[in-house]
Each structure stands twice: as structure tokens, then as C-alpha cells.
$ cat entry34.cif   # mmCIF, C-alpha atoms
data_coords
loop_
_atom_site.group_PDB
_atom_site.id
_atom_site.type_symbol
_atom_site.label_atom_id
_atom_site.label_comp_id
_atom_site.auth_asym_id
_atom_site.auth_seq_id
_atom_site.Cartn_x
_atom_site.Cartn_y
_atom_site.Cartn_z
ATOM 1 C CA MET N 12 0.000 0.000 0.000
ATOM 2 C CA SER N 13 1.376 3.393 -0.931
ATOM 3 C CA LEU N 14 -0.203 6.733 -0.143
ATOM 4 C CA GLU N 15 2.564 8.874 -1.647
ATOM 5 C CA ARG N 16 0.612 10.136 -4.644
ATOM 6 C CA ILE N 17 -2.802 10.326 -2.936
ATOM 7 C CA ILE N 18 -3.919 13.766 -1.720
ATOM 8 C CA SER N 19 -6.862 15.545 -0.186
ATOM 9 C CA ILE N 20 -7.822 19.039 -1.370
ATOM 10 C CA THR N 21 -9.471 21.439 1.052
ATOM 11 C CA GLY N 22 -12.956 22.369 -0.141
ATOM 12 C CA LYS N 23 -13.245 19.414 -2.551
ATOM 13 C CA PRO N 24 -14.759 16.085 -1.541
ATOM 14 C CA GLY N 25 -12.934 12.786 -1.912
ATOM 15 C CA LEU N 26 -9.349 11.845 -2.660
ATOM 16 C CA TYR N 27 -7.181 12.541 -5.685
ATOM 17 C CA LYS N 28 -4.170 10.898 -7.350
ATOM 18 C CA ILE N 29 -1.364 13.150 -8.547
ATOM 19 C CA ILE N 30 -0.943 12.608 -12.275
ATOM 20 C CA SER N 31 1.482 15.326 -13.274
ATOM 21 C CA GLN N 32 3.025 18.592 -12.206
ATOM 22 C CA ILE N 33 2.506 21.877 -14.033
ATOM 23 C CA LYS N 34 4.161 25.277 -13.727
ATOM 24 C CA ASN N 35 1.901 26.589 -10.980
ATOM 25 C CA GLY N 36 0.288 23.466 -9.545
ATOM 26 C CA LEU N 37 -0.676 19.855 -10.162
ATOM 27 C CA ILE N 38 -2.858 17.799 -12.451
ATOM 28 C CA VAL N 39 -4.880 15.368 -10.338
ATOM 29 C CA GLU N 40 -7.425 12.635 -10.992
ATOM 30 C CA SER N 41 -10.376 11.878 -8.739
ATOM 31 C CA VAL N 42 -10.017 8.417 -7.191
ATOM 32 C CA THR N 43 -13.767 7.755 -7.348
ATOM 33 C CA GLU N 44 -14.833 9.444 -10.597
ATOM 34 C CA GLY N 45 -11.640 9.378 -12.663
ATOM 35 C CA LYS N 46 -12.040 13.030 -13.706
ATOM 36 C CA ARG N 47 -8.867 15.059 -14.125
ATOM 37 C CA LEU N 48 -8.530 18.644 -12.993
ATOM 38 C CA PRO N 49 -5.831 21.206 -12.252
ATOM 39 C CA VAL N 50 -4.996 22.130 -8.664
ATOM 40 C CA TYR N 51 -3.228 25.437 -8.305
ATOM 41 C CA ALA N 52 -0.598 26.415 -5.753
ATOM 42 C CA SER N 53 -3.079 28.698 -3.974
ATOM 43 C CA GLU N 54 -5.241 25.705 -2.925
ATOM 44 C CA LYS N 55 -4.505 23.818 0.284
ATOM 45 C CA VAL N 56 -3.429 20.241 -0.416
ATOM 46 C CA SER N 57 -2.623 17.518 2.123
ATOM 47 C CA ALA N 58 -0.734 14.371 1.153
ATOM 48 C CA LEU N 59 -2.042 11.308 2.970
ATOM 49 C CA SER N 60 1.530 10.106 3.470
ATOM 50 C CA ASP N 61 2.200 13.205 5.641
ATOM 51 C CA ILE N 62 -0.788 12.716 7.967
ATOM 52 C CA SER N 63 -0.541 10.887 11.289
ATOM 53 C CA ILE N 64 -2.784 10.034 14.241
ATOM 54 C CA TYR N 65 -2.000 11.235 17.765
ATOM 55 C CA THR N 66 -1.257 8.556 20.346
ATOM 56 C CA TYR N 67 -0.209 8.832 23.974
ATOM 57 C CA THR N 68 3.320 7.682 23.096
ATOM 58 C CA GLY N 69 3.765 9.708 19.865
ATOM 59 C CA ASP N 70 2.283 9.775 16.382
ATOM 60 C CA VAL N 71 1.317 6.871 14.119
ATOM 61 C CA PRO N 72 1.494 7.521 10.361
ATOM 62 C CA LEU N 73 -1.793 7.156 8.498
ATOM 63 C CA LEU N 74 -0.276 4.406 6.354
ATOM 64 C CA GLU N 75 0.254 2.204 9.430
ATOM 65 C CA VAL N 76 -3.270 2.924 10.661
ATOM 66 C CA TYR N 77 -4.737 1.968 7.276
ATOM 67 C CA GLU N 78 -2.619 -1.197 7.088
ATOM 68 C CA LYS N 79 -3.961 -2.298 10.485
ATOM 69 C CA MET N 80 -7.519 -1.387 9.493
ATOM 70 C CA ALA N 81 -7.183 -3.293 6.207
ATOM 71 C CA LYS N 82 -5.873 -6.332 8.057
ATOM 72 C CA LYS N 83 -8.829 -6.184 10.465
ATOM 73 C CA THR N 84 -11.464 -5.712 7.726
ATOM 74 C CA GLY N 85 -9.809 -8.012 5.198
ATOM 75 C CA GLY N 86 -9.359 -5.147 2.713
ATOM 76 C CA LYS N 87 -13.069 -4.332 2.724
ATOM 77 C CA ALA N 88 -14.712 -1.053 3.755
ATOM 78 C CA ALA N 89 -14.831 -0.332 7.476
ATOM 79 C CA VAL N 90 -17.470 1.414 9.581
ATOM 80 C CA ASP N 91 -19.367 4.099 7.664
ATOM 81 C CA HIS N 92 -18.022 7.598 8.339
ATOM 82 C CA LYS N 93 -21.561 8.801 9.108
ATOM 83 C CA ALA N 94 -21.825 6.471 12.125
ATOM 84 C CA ASP N 95 -21.924 7.989 15.601
ATOM 85 C CA ALA N 96 -18.705 9.076 17.297
ATOM 86 C CA ALA N 97 -18.746 6.247 19.860
ATOM 87 C CA GLU N 98 -18.818 3.576 17.136
ATOM 88 C CA LEU N 99 -15.962 5.211 15.204
ATOM 89 C CA ARG N 100 -13.868 5.583 18.357
ATOM 90 C CA ALA N 101 -14.527 1.964 19.378
ATOM 91 C CA PHE N 102 -13.370 0.654 15.984
ATOM 92 C CA LEU N 103 -10.233 2.813 16.007
ATOM 93 C CA GLN N 104 -9.593 1.757 19.627
ATOM 94 C CA SER N 105 -9.630 -1.883 18.501
ATOM 95 C CA VAL N 106 -7.032 -1.087 15.822
ATOM 96 C CA ILE N 107 -4.822 1.372 17.752
ATOM 97 C CA GLU N 108 -5.141 0.839 21.479
ATOM 98 C CA ASP N 109 -3.364 4.010 22.617
ATOM 99 C CA PHE N 110 -4.733 6.702 20.291
ATOM 100 C CA ASP N 111 -5.202 10.005 22.100
ATOM 101 C CA GLN N 112 -8.929 10.350 22.797
ATOM 102 C CA ASP N 113 -8.623 14.069 23.588
ATOM 103 C CA ARG N 114 -6.610 15.219 20.570
ATOM 104 C CA VAL N 115 -8.308 13.088 17.892
ATOM 105 C CA TYR N 116 -11.577 14.893 17.169
ATOM 106 C CA HIS N 117 -14.783 13.432 15.742
ATOM 107 C CA SER N 118 -14.238 15.348 12.469
ATOM 108 C CA ASP N 119 -10.794 13.713 12.176
ATOM 109 C CA LEU N 120 -12.333 10.281 12.654
ATOM 110 C CA LYS N 121 -14.950 10.966 10.005
ATOM 111 C CA LYS N 122 -12.243 11.901 7.477
ATOM 112 C CA LEU N 123 -10.118 8.920 8.482
ATOM 113 C CA PHE N 124 -12.952 6.447 7.889
ATOM 114 C CA GLN N 125 -14.254 8.200 4.775
ATOM 115 C CA TRP N 126 -10.802 8.118 3.156
ATOM 116 C CA PHE N 127 -10.253 4.490 4.187
ATOM 117 C CA ASN N 128 -13.560 3.442 2.640
ATOM 118 C CA ILE N 129 -12.767 5.319 -0.593
ATOM 119 C CA LEU N 130 -9.391 3.595 -0.825
ATOM 120 C CA ALA N 131 -10.938 0.194 -0.030
ATOM 121 C CA GLU N 132 -13.696 0.572 -2.643
ATOM 122 C CA ASN N 133 -11.131 1.467 -5.320
ATOM 123 C CA ASN N 134 -8.686 -1.358 -4.429
ATOM 124 C CA LEU N 135 -5.908 1.027 -3.390
ATOM 125 C CA LEU N 136 -5.268 -0.754 -0.091
ATOM 126 C CA LYS N 137 -3.539 -3.768 -1.631
ATOM 127 C CA GLU N 138 -0.050 -4.548 -0.475
ATOM 128 C CA GLU N 139 2.806 -3.728 -2.835
ATOM 129 C CA LYS N 140 3.685 -7.444 -3.007
ATOM 130 C CA GLU N 141 0.176 -8.305 -4.183
ATOM 131 C CA LYS N 142 0.306 -5.620 -6.895
ATOM 132 C CA LYS N 143 3.668 -6.916 -8.133
ATOM 133 C CA GLU N 144 2.350 -10.490 -8.204
ATOM 134 C CA GLU N 145 -0.705 -9.386 -10.195
ATOM 135 C CA GLY N 146 1.584 -7.608 -12.657
ATOM 136 C CA LYS N 147 3.678 -10.764 -13.045
ATOM 137 C CA GLU N 148 0.578 -12.881 -13.657
ATOM 138 C CA LYS N 149 -0.596 -10.490 -16.364
ATOM 139 C CA THR N 150 2.759 -10.606 -18.117
ATOM 140 C CA LYS N 151 2.805 -14.418 -17.957
ATOM 141 C CA LYS N 152 -0.681 -14.657 -19.447
ATOM 142 C CA ALA N 153 0.034 -12.189 -22.259
ATOM 143 C CA PRO N 154 1.324 -13.901 -25.400
ATOM 144 C CA ALA N 155 4.905 -13.109 -26.223
ATOM 145 C CA LYS N 156 5.312 -11.027 -29.345
ATOM 146 C CA ALA N 157 7.800 -12.219 -31.897
ATOM 147 C CA ALA N 158 10.710 -9.849 -32.248
ATOM 148 C CA ALA N 159 10.907 -8.172 -35.619
ATOM 149 C CA LYS N 160 13.913 -9.463 -37.480
ATOM 150 C CA LYS N 161 16.149 -7.004 -39.258
ATOM 151 C CA PRO N 162 16.953 -7.917 -42.857
ATOM 152 C CA ALA N 163 20.493 -9.108 -43.255
ATOM 153 C CA ALA N 164 22.756 -6.645 -45.053
ATOM 154 C CA ALA N 165 23.968 -7.737 -48.489
ATOM 155 C CA LYS N 166 27.465 -9.123 -48.409
ATOM 156 C CA GLY N 167 30.175 -6.842 -49.722
ATOM 157 C CA LYS N 168 28.062 -3.682 -49.389
ATOM 158 C CA SER N 169 28.660 -1.404 -46.498
ATOM 159 C CA THR N 170 26.025 0.836 -45.082
ATOM 160 C CA PRO N 171 26.703 4.551 -45.375
ATOM 161 C CA LYS N 172 27.693 6.253 -42.156
ATOM 162 C CA THR N 173 25.685 9.191 -40.985
ATOM 163 C CA SER N 174 26.856 12.130 -38.977
ATOM 164 C CA GLY N 175 26.108 12.307 -35.299
ATOM 165 C CA ALA N 176 24.125 15.529 -35.742
ATOM 166 C CA LYS N 177 20.455 15.394 -34.923
ATOM 167 C CA GLY N 178 17.627 17.208 -36.557
ATOM 168 C CA GLY N 179 18.874 17.212 -40.147
ATOM 169 C CA ALA N 180 19.759 20.898 -40.199
ATOM 170 C CA LYS N 181 20.120 22.487 -43.618
ATOM 171 C CA ALA N 182 23.531 23.579 -44.803
ATOM 172 C CA ALA N 183 24.137 27.289 -44.520
ATOM 173 C CA THR N 184 24.125 29.177 -47.826
ATOM 174 C CA PRO N 185 26.202 32.311 -48.257
ATOM 175 C CA MET N 186 24.199 35.511 -48.407
ATOM 176 C CA LYS N 187 24.458 37.679 -51.472
ATOM 177 C CA LYS N 188 25.212 41.284 -50.950
ATOM 178 C CA GLY N 189 22.816 43.672 -52.539
ATOM 179 C CA LYS N 190 23.856 45.623 -55.698
#
$ encode --input "entry34.cif" --output "C-alpha cells"
Amino acid sequence: MSLERIISITGKPGLYKIISQIKNGLIVESVTEGKRLPVYASEKVSALSDISIYTYTGDVPLLEVYEKMAKKTGGKAAVDHKADAAELRAFLQSVIEDFDQDRVYHSDLKKLFQWFNILAENNLLKEEKEKKEEGKEKTKKAPAKAAAKKPAAAKGKSTPKTSGAKGGAKAATPMKKGK
């Protein structure tokens, strides 16, 4: 599981994948809808890989929290983010025993569960090993393409050598001076 290219944009619902970078911002794609849109430098963006949950002993990165939640739910969606605060806290308590009850607000829990469910529904919670194995299976199943053979050069004839210059620039012609 990797959250490096997944972001949240303040004022816009859902999560977004970073597709590309432009001069004054980013091009992102909605995880749920697949629509692409520009995000400018003036908008507030939070990378999920930079977010952590307060605990009594320190902070736990969101990636670790989501890995534990995915293990508990079997990769399926967890408790709905619209559930009451006690239910959300109880589920998180079962995953992270020492999360700080005072500093983790109900609005934080709602975002945490909403984002987890979005990632789970779009199969973005899979382990990196599983993704690599799926990629290997696809390459094994795909038929191998025959390599195009180059025609053998005729014996005794050499191929002309070309210059190392690129672009095929035209030769400069001398300018005529006016009469």
C-alpha cells in the first residue's frame, strides 16, 4: 500500500491521485470518478503520506493505521463515516489501542474512515507485493510477441555512415550582398 501520490484538497470532496506537475500546480485525478482537474498552488493540499494520528506515546502515520484497518477488515470497507462518534472511536480503539482520545476529534475520525472506505472501494489498499504479483501474472498470461527481425545486409556492401548531428539541419548558404 502506498499513499505517496494520494492527496486531499481542502474544499473538494474525496481523494485525488497526482498525475502530473505543471508550472503553478498539479494535475490530479479523482479516485472515485476518474475526472482530471488542475490544482493550483493557492489551494490547500494535504498528502495522505504526511498525515498521522495522535497517540499517547507519539504519532502513528496514516499508512500504518490503514494497514492495520485493512488487516482487520480483510481489505473491505470499514465502519461508515456517518456512524456515531462512539462507534468510530470503538473501531479505532480496537485497531490502535493508545490513540489520544482528547486530541483526535470526531471530524478527524470521520475523514479517516471516509478516506479508508474510498481507498478500499477502489482497491488502493492492496499490499505492494500483491500488486507486483498481479503484474507478473498479467505478463505471464500475455502472449509473447515475436521480435521483428532485421533484414540481413547484403554481403560486400557497407552501409553509409551518418553524422552524429540530430535534426537534419540544412547547410548554410552564403548571403548575397545587394547591388
$ axis_aligned_box --input "entry34.cif" --around "segment 109-113 of chain N" --padding-each-side "3 Å" --output "AutoDock Vina command-line options"
--center_x -6.1 --center_y 9.0 --center_z 21.9 --size_x 11.6 --size_y 16.1 --size_z 9.3
$ atom_distance --input "entry34.cif" --atom1 "atom CA of Ser19 of chain N" --atom2 "atom CA of Ala89 of chain N"
19.3 Å
$ residues_around --input "entry34.cif" --residues "Asp119 of chain N" --least-positions-apart "2" --cutoff "12 Å" --atoms "all atoms listed in the file" --output "MDAnalysis selection string"
chainID N and resid 62:65 73 92 96 99:100 103 111:117 121:126
$ resolve_selection --input "entry34.cif" --expression "the PyMOL selection byres ((chain N and resi 17) around 6)" --output "PyMOL selection string"
chain N and resi 14-16+18+27-28
$ closest_residue --input "entry34.cif" --among "N:Val56, N:Ile29, N:Val106, N:Ile129" --to "Val71 of chain N" --atoms "only C-alpha atoms"
N:Val106
$ atom_distance --input "entry34.cif" --atom1 "atom CA of Asn133 of chain N" --atom2 "atom CA of Val42 of chain N"
7.3 Å
$ resolve_selection --input "entry34.cif" --expression "the PyMOL selection byres ((chain N and resi 21) around 9)" --output "PyMOL selection string"
chain N and resi 19-20+22-24+54-57
$ write_last_selection --input "entry34.cif" --atoms "C-alpha atoms" --output "short mmCIF file (atom, residue, chain, number, x, y, z; two decimals), in the coordinates of the input"
data_model
loop_
_atom_site.label_atom_id
_atom_site.label_comp_id
_atom_site.auth_asym_id
_atom_site.auth_seq_id
_atom_site.Cartn_x
_atom_site.Cartn_y
_atom_site.Cartn_z
CA SER N 19 -6.86 15.54 -0.19
CA ILE N 20 -7.82 19.04 -1.37
CA GLY N 22 -12.96 22.37 -0.14
CA LYS N 23 -13.24 19.41 -2.55
CA PRO N 24 -14.76 16.08 -1.54
CA GLU N 54 -5.24 25.70 -2.92
CA LYS N 55 -4.50 23.82 0.28
CA VAL N 56 -3.43 20.24 -0.42
CA SER N 57 -2.62 17.52 2.12
#
$ atom_distance --input "entry34.cif" --atom1 "atom CA of Ser60 of chain N" --atom2 "atom CA of Glu75 of chain N"
10.0 Å
$ closest_residue --input "entry34.cif" --among "N:Ala58, N:Ala97, N:Leu120, N:Ala88" --to "Leu74 of chain N" --atoms "all atoms listed in the file"
N:Ala58
$ closest_residue --input "entry34.cif" --among "N:Glu40, N:Leu26, N:Leu130, N:Phe110" --to "Gly69 of chain N" --atoms "all atoms listed in the file"
N:Phe110
$ closest_residue --input "entry34.cif" --among "N:Asn128, N:Ser31, N:Thr68, N:Ser105" --to "Asp91 of chain N" --atoms "only C-alpha atoms"
N:Asn128
$ resolve_selection --input "entry34.cif" --expression "the PyMOL selection byres ((chain N and resi 109) around 6)" --output "JSON, numbers by chain"
{"N": [66, 67, 107, 108, 110]}
